[in-house]
Amino acid sequence: MKHLLFLLLSFATFSAARAQGVLTFQGEQHDFGSIPEGVMAAHEFRFKNTGNQPIIIANVQASCGCTTPDWTKTPILPGKSGMVKAVYSSAGRPGVFNKTVTVVSNATTPSTVLTIKGNVLNKEQMRSKLTPAQLAQSPRLTLDRARHDFGKAEAGQTLTARFKVTNTGKQDLVLSAITSGCYCVGYKNVPSPIKPGASAVVELVYNQRRVGQQQEAVVITSNDLTGDAKLTLTADLVKDLNAGSMLKESGTSVPFK
């Protein structure tokens, strides 16, 4: 009897040890091939729980800041499927890339490494690979104007400029990175893709701490193969707008007359 009880306990312990989720991916590597600079290259790694217990993904860690992960946040029951999405920002990163995302979960294998790779071609390289007919299918980024003057403002204040962007091409226009010499210009909100023939208002935020007349050359990259959009922001930045209305007379501030 004791021997039978021992066998039953051993079997229960063994079964409990085997009761665990199994994370089975359809593939653990993805090659984007050649992609044009400026696009957000995205791939979903699909998986299935082939075990007998729910799986919870605790975290997905990318190997660099240029790769943004997303994943199924709810528990994945046995027999059910989920995904891990990796998005690579190619703006300003021409050349070959090989990046990883590490999936941490309560599955039998607690850590799984997924890999994305590809070759980012600048627009000159991309154009050389396309026929005139293919190039004609490219999106086209058209700005309503090339300059914006903020006028007089306080240094360090966050200023907003609104530009109307029209896609005059034949594919969805995807805006990506903004570059400027001052590193003080960015998007207020991440723009959504713009359909062919459609327009959208894009808001840029400007935060410059230097005082004086400022002029910033700004470049907006996108998947428009004909080139990047260029614009100029100008401003007359003062330390204090209130102090700007005062004159010094004999060491005493008096209202401007």
# chains A, B, ... in the order shown; residues from 1 in each chain; ligands from 1
$ residues_around --residues "Cys66 of chain A" --least-positions-apart "6" --cutoff "12 Å" --atoms "only C-alpha atoms" --output "ChimeraX atom specification"
/A:40-42,86-93,97-101,116,177
$ select_by_dssp --residues "segment 3-208 of chain A" --states "strand (DSSP E or B)" --output "ChimeraX atom specification"
/A:23-25,29-36,40-49,55,57-62,67-71,76,81-89,95-105,111-121,141-143,147-154,159-167,173,175-180,185-187,194,199-206
$ closest_residue --among "A:Ala198, A:Ala153, A:Ala217, A:Cys184" --to "Asp236 of chain A" --atoms "only C-alpha atoms"
A:Ala153
$ residues_around --residues "Ile76 of chain A" --least-positions-apart "5" --cutoff "8 Å" --atoms "only C-alpha atoms" --output "list in words"
Asn49, Pro54, Ile55, Ile56, Ser81 and Gly82 of chain A
$ write_last_selection --atoms "all heavy atoms" --output "compact mmCIF listing (two decimals), in the first residue's frame"
# COMPACT_ATOMS: atom_id res chain seq x y z
N ASN A 49 0.41 28.53 -28.11
CA ASN A 49 0.68 27.85 -26.84
C ASN A 49 0.37 26.38 -27.03
O ASN A 49 -0.78 25.96 -27.03
CB ASN A 49 -0.18 28.44 -25.72
CG ASN A 49 0.09 27.78 -24.37
OD1 ASN A 49 0.90 26.86 -24.26
ND2 ASN A 49 -0.60 28.25 -23.34
N PRO A 54 -1.78 28.21 -19.20
CA PRO A 54 -1.73 29.55 -19.82
C PRO A 54 -0.32 30.13 -19.78
O PRO A 54 0.46 29.86 -18.86
CB PRO A 54 -2.69 30.38 -18.96
CG PRO A 54 -3.58 29.38 -18.31
CD PRO A 54 -2.74 28.17 -18.07
N ILE A 55 -0.03 30.93 -20.81
CA ILE A 55 1.26 31.62 -20.88
C ILE A 55 1.01 33.12 -20.72
O ILE A 55 0.11 33.68 -21.33
CB ILE A 55 1.96 31.36 -22.24
CG1 ILE A 55 2.44 29.91 -22.32
CG2 ILE A 55 3.15 32.31 -22.44
CD1 ILE A 55 3.04 29.55 -23.66
N ILE A 56 1.85 33.73 -19.92
CA ILE A 56 1.82 35.18 -19.76
C ILE A 56 3.19 35.73 -20.14
O ILE A 56 4.21 35.33 -19.56
CB ILE A 56 1.47 35.59 -18.31
CG1 ILE A 56 0.08 35.10 -17.94
CG2 ILE A 56 1.57 37.11 -18.14
CD1 ILE A 56 -0.30 35.37 -16.49
N SER A 81 -3.41 31.35 -29.82
CA SER A 81 -2.27 32.00 -30.47
C SER A 81 -2.10 33.43 -29.99
O SER A 81 -3.03 34.03 -29.42
CB SER A 81 -2.44 31.98 -31.99
OG SER A 81 -2.51 30.66 -32.47
N GLY A 82 -0.92 33.98 -30.23
CA GLY A 82 -0.62 35.37 -29.89
C GLY A 82 0.47 35.88 -30.82
O GLY A 82 0.86 35.22 -31.80
$ closest_atom_pairs --of "segment 159-219 of chain A" --to "segment 134-146 of chain A" --cutoff "7 Å" --atoms "only C-alpha atoms" --output "JSON lines"
{"residue": "A:Phe163", "atom": "CA", "partner": "A:Asp144", "partner_atom": "CA", "distance": 6.5}
{"residue": "A:Lys164", "atom": "CA", "partner": "A:Asp144", "partner_atom": "CA", "distance": 5.4}
{"residue": "A:Val165", "atom": "CA", "partner": "A:Leu143", "partner_atom": "CA", "distance": 4.9}
{"residue": "A:Thr166", "atom": "CA", "partner": "A:Thr142", "partner_atom": "CA", "distance": 5.1}
{"residue": "A:Asn167", "atom": "CA", "partner": "A:Leu141", "partner_atom": "CA", "distance": 5.2}
{"residue": "A:Thr168", "atom": "CA", "partner": "A:Arg140", "partner_atom": "CA", "distance": 5.0}
{"residue": "A:Gly169", "atom": "CA", "partner": "A:Pro139", "partner_atom": "CA", "distance": 4.0}
{"residue": "A:Lys170", "atom": "CA", "partner": "A:Gln137", "partner_atom": "CA", "distance": 5.1}
{"residue": "A:Gln171", "atom": "CA", "partner": "A:Pro139", "partner_atom": "CA", "distance": 4.9}
{"residue": "A:Asp172", "atom": "CA", "partner": "A:Pro139", "partner_atom": "CA", "distance": 6.1}
{"residue": "A:Leu173", "atom": "CA", "partner": "A:Pro139", "partner_atom": "CA", "distance": 5.3}
$ select_by_dssp --residues "segment 48-132 of chain A" --states "alpha helix (DSSP H)" --output "number ranges by chain"
A: 123-129, 132
$ residues_around --residues "Thr232 of chain A" --least-positions-apart "2" --cutoff "7 Å" --atoms "only C-alpha atoms" --output "PDB file with C-alpha atoms, in the first residue's frame"
ATOM      1  CA  ALA A 146       8.365  75.944 -46.617  1.00  0.00           C
ATOM      2  CA  ARG A 147       8.747  78.468 -43.759  1.00  0.00           C
ATOM      3  CA  HIS A 148       7.161  79.356 -40.449  1.00  0.00           C
ATOM      4  CA  GLN A 215      16.735  80.020 -37.882  1.00  0.00           C
ATOM      5  CA  GLU A 216      16.421  76.237 -37.956  1.00  0.00           C
ATOM      6  CA  ALA A 217      16.671  74.097 -41.085  1.00  0.00           C
ATOM      7  CA  VAL A 218      14.359  71.106 -40.621  1.00  0.00           C
ATOM      8  CA  THR A 234      12.506  81.191 -37.488  1.00  0.00           C
TER       9      THR A 234
END
$ residues_around --residues "segment 27-34 of chain A" --least-positions-apart "5" --cutoff "6 Å" --atoms "only C-alpha atoms" --output "ChimeraX atom specification"
/A:114-120
$ atom_distance --atom1 "atom CA of Gly186 of chain A" --atom2 "atom CA of Gln208 of chain A"
11.7 Å
$ closest_residue --among "A:Lys73, A:Lys188, A:Lys195, A:Lys239" --to "Ile57 of chain A" --atoms "only C-alpha atoms"
A:Lys73
